[in-house]
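These notes are about the structure you will find just below.
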Amino acid sequence: QVQLVESGGGLVQAGDSLRLSCAASGRASRGYTLGWFRQAPGKEREFVAAINWSGGSTYYTDSVKGRFIISRDSAKNTLYLQMNSLKPEDTAVYYCAARESWSGPTTLIRPTTYDYWGQGTQVTVSS
């Protein structure tokens, strides 16, 4: 069992930066692939970024490439999402998720392939 707890959300203006954190705990959590997803009101949950257990492999959805950076601190067992140049369309509830192994993009982007989820943290970007 893996427990995930997100933090760091808030209200910011367009162009600002924000860093989300996700504290992971539980057996084998350090070996898991971790991802960030987001869900805006009335929309489906969408993939944002993923990182493998070592941090050596990452994958981003096109809309955040060059603006967001996913990273993890193995010593703290914590996942991060540094979000820069935020836009109003980034407004959503952001969730971290965990799955046992790294995979190809078509698998990583599907929420149903992740086994564990956090409760989410709200990010609101005003124009």
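Following the order of the structure tokens, first chain is A, next is B, and so on, with residues numbered from 1 inside each chain and ligands from 1 in the order they appear.
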Identify, on the basis of only C-alpha atoms, every residue whose closest approach to range 7-16 of chain A does not exceed 9 Å; exclude the query and any residue fewer than 5 positions from it along the same chain; express the result as a PDB file with N, CA and C atoms, in the first residue's frame.
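What ended up in out-v6.pdb:
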ATOM      1  N   SER A  21       4.099  19.640  -3.980  1.00  0.00           N
ATOM      2  CA  SER A  21       4.810  18.522  -3.373  1.00  0.00           C
ATOM      3  C   SER A  21       3.846  17.366  -3.158  1.00  0.00           C
ATOM      4  N   CYS A  22       4.391  16.165  -3.153  1.00  0.00           N
ATOM      5  CA  CYS A  22       3.606  14.962  -2.874  1.00  0.00           C
ATOM      6  C   CYS A  22       4.462  14.048  -2.015  1.00  0.00           C
ATOM      7  N   ALA A  23       4.071  13.900  -0.755  1.00  0.00           N
ATOM      8  CA  ALA A  23       4.793  13.027   0.157  1.00  0.00           C
ATOM      9  C   ALA A  23       4.277  11.610   0.014  1.00  0.00           C
ATOM     10  N   MET A  83       6.114  24.505 -11.286  1.00  0.00           N
ATOM     11  CA  MET A  83       5.294  25.053 -12.360  1.00  0.00           C
ATOM     12  C   MET A  83       5.652  26.519 -12.565  1.00  0.00           C
ATOM     13  N   ASN A  84       6.155  26.829 -13.740  1.00  0.00           N
ATOM     14  CA  ASN A  84       6.559  28.194 -14.087  1.00  0.00           C
ATOM     15  C   ASN A  84       5.681  28.735 -15.197  1.00  0.00           C
ATOM     16  N   SER A  85       5.688  30.049 -15.345  1.00  0.00           N
ATOM     17  CA  SER A  85       4.916  30.711 -16.411  1.00  0.00           C
ATOM     18  C   SER A  85       3.483  30.186 -16.448  1.00  0.00           C
ATOM     19  N   LEU A  86       2.853  30.172 -15.304  1.00  0.00           N
ATOM     20  CA  LEU A  86       1.515  29.600 -15.205  1.00  0.00           C
ATOM     21  C   LEU A  86       0.505  30.386 -16.030  1.00  0.00           C
ATOM     22  N   LYS A  87      -0.456  29.663 -16.581  1.00  0.00           N
ATOM     23  CA  LYS A  87      -1.505  30.233 -17.418  1.00  0.00           C
ATOM     24  C   LYS A  87      -2.868  29.921 -16.792  1.00  0.00           C
ATOM     25  N   PRO A  88      -3.868  30.721 -17.098  1.00  0.00           N
ATOM     26  CA  PRO A  88      -5.206  30.419 -16.563  1.00  0.00           C
ATOM     27  C   PRO A  88      -5.680  29.007 -16.904  1.00  0.00           C
ATOM     28  N   VAL A  93      -7.503  20.894 -10.219  1.00  0.00           N
ATOM     29  CA  VAL A  93      -7.046  20.134  -9.059  1.00  0.00           C
ATOM     30  C   VAL A  93      -5.932  19.222  -9.547  1.00  0.00           C
ATOM     31  N   TYR A  94      -4.810  19.284  -8.868  1.00  0.00           N
ATOM     32  CA  TYR A  94      -3.648  18.487  -9.253  1.00  0.00           C
ATOM     33  C   TYR A  94      -3.515  17.295  -8.312  1.00  0.00           C
ATOM     34  N   GLY A 120      -5.477  15.331  -3.873  1.00  0.00           N
ATOM     35  CA  GLY A 120      -5.499  16.485  -4.766  1.00  0.00           C
ATOM     36  C   GLY A 120      -5.263  17.804  -4.066  1.00  0.00           C
ATOM     37  N   THR A 121      -4.740  18.764  -4.823  1.00  0.00           N
ATOM     38  CA  THR A 121      -4.527  20.121  -4.322  1.00  0.00           C
ATOM     39  C   THR A 121      -4.942  21.106  -5.417  1.00  0.00           C
ATOM     40  N   GLN A 122      -5.663  22.144  -5.041  1.00  0.00           N
ATOM     41  CA  GLN A 122      -6.220  23.075  -6.005  1.00  0.00           C
ATOM     42  C   GLN A 122      -5.179  24.109  -6.425  1.00  0.00           C
ATOM     43  N   VAL A 123      -5.069  24.300  -7.731  1.00  0.00           N
ATOM     44  CA  VAL A 123      -4.244  25.367  -8.298  1.00  0.00           C
ATOM     45  C   VAL A 123      -5.163  26.260  -9.119  1.00  0.00           C
ATOM     46  N   THR A 124      -5.177  27.539  -8.798  1.00  0.00           N
ATOM     47  CA  THR A 124      -5.995  28.501  -9.523  1.00  0.00           C
ATOM     48  C   THR A 124      -5.100  29.618 -10.038  1.00  0.00           C
ATOM     49  N   VAL A 125      -5.154  29.850 -11.343  1.00  0.00           N
ATOM     50  CA  VAL A 125      -4.332  30.870 -11.981  1.00  0.00           C
ATOM     51  C   VAL A 125      -5.265  31.942 -12.533  1.00  0.00           C
ATOM     52  N   SER A 126      -5.143  33.136 -12.009  1.00  0.00           N
ATOM     53  CA  SER A 126      -5.994  34.242 -12.461  1.00  0.00           C
ATOM     54  C   SER A 126      -5.307  35.011 -13.582  1.00  0.00           C
ATOM     55  N   SER A 127      -6.121  35.563 -14.471  1.00  0.00           N
ATOM     56  CA  SER A 127      -5.556  36.289 -15.620  1.00  0.00           C
ATOM     57  C   SER A 127      -5.317  37.750 -15.292  1.00  0.00           C
TER      58      SER A 127
END
>> Excluding range 46-57 of chain A and its own-chain neighbours fewer than 6 positions away, which residues fall within 8 Å of it when counting only C-alpha atoms? Please give them as an MDAnalysis selection string.
In response: chainID A and resid 30:39 64 70:72 74 101:102 108:111
> If you run DSSP on this backbone, which residues of chain A come out as strand (DSSP E or B), and could you give them as a PyMOL selection string?
Replying inline: chain A and resi 3-7+10-13+18-25+33-39+46-51+58-60+68-73+78-83+92-99+116-117+121-126
>> Using DSSP assignments from the backbone, pull out every residue in range 21-94 of chain A that falls under helix (DSSP H, G or I) and give it to me as a VMD selection string.
In response: chain A and resid 29 to 31 62 to 64 88 to 90
> Looking at only C-alpha atoms, which of A:Lys76, A:Trp117, A:Ala40, A:Ser63 is the one that sits closest to Thr91 in chain A?
Replying inline: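 The shortest atom-to-atom distance to Thr91 in chain A comes from A:Ala40.
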> If you measure from CA of Ser17 in chain A to CA of Leu81 in chain A, what distance in Å do you get, rounded to one decimal?
Replying inline: 10.5 Å
> Quick one: distance from CA of Thr106 in chain A to CA of Gly42 in chain A in Å, one decimal?
Replying inline: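 We find that CA of Thr106 in chain A and CA of Gly42 in chain A lie 23.2 Å from each other.
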> Nearest to Leu20 in chain A: which of A:Lys65, A:Glu6, A:Asn77, A:Gln1 is it, counting only C-alpha atoms?
Replying inline: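 Closest candidate: A:Glu6.
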> CA of Ser25 in chain A to CA of Asp62 in chain A: how many Å, to one decimal?
Replying inline: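 The value is 29.5 Å.
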>> Residues within 6 Å of Tyr116 in chain A, please, as a PyMOL selection string. Count only C-alpha atoms; anything in the same chain fewer than 2 positions from it doesn't count.
In response: chain A and resi 97-98+114
Output for the residues just chosen: C-alpha atoms as a PDB file, in the first residue's frame:
ATOM      1  CA  ALA A  97      -0.328   9.078  -8.528  1.00  0.00           C
ATOM      2  CA  ALA A  98       1.862   5.992  -8.297  1.00  0.00           C
ATOM      3  CA  TYR A 114      -1.993   4.045 -11.759  1.00  0.00           C
TER       4      TYR A 114
END
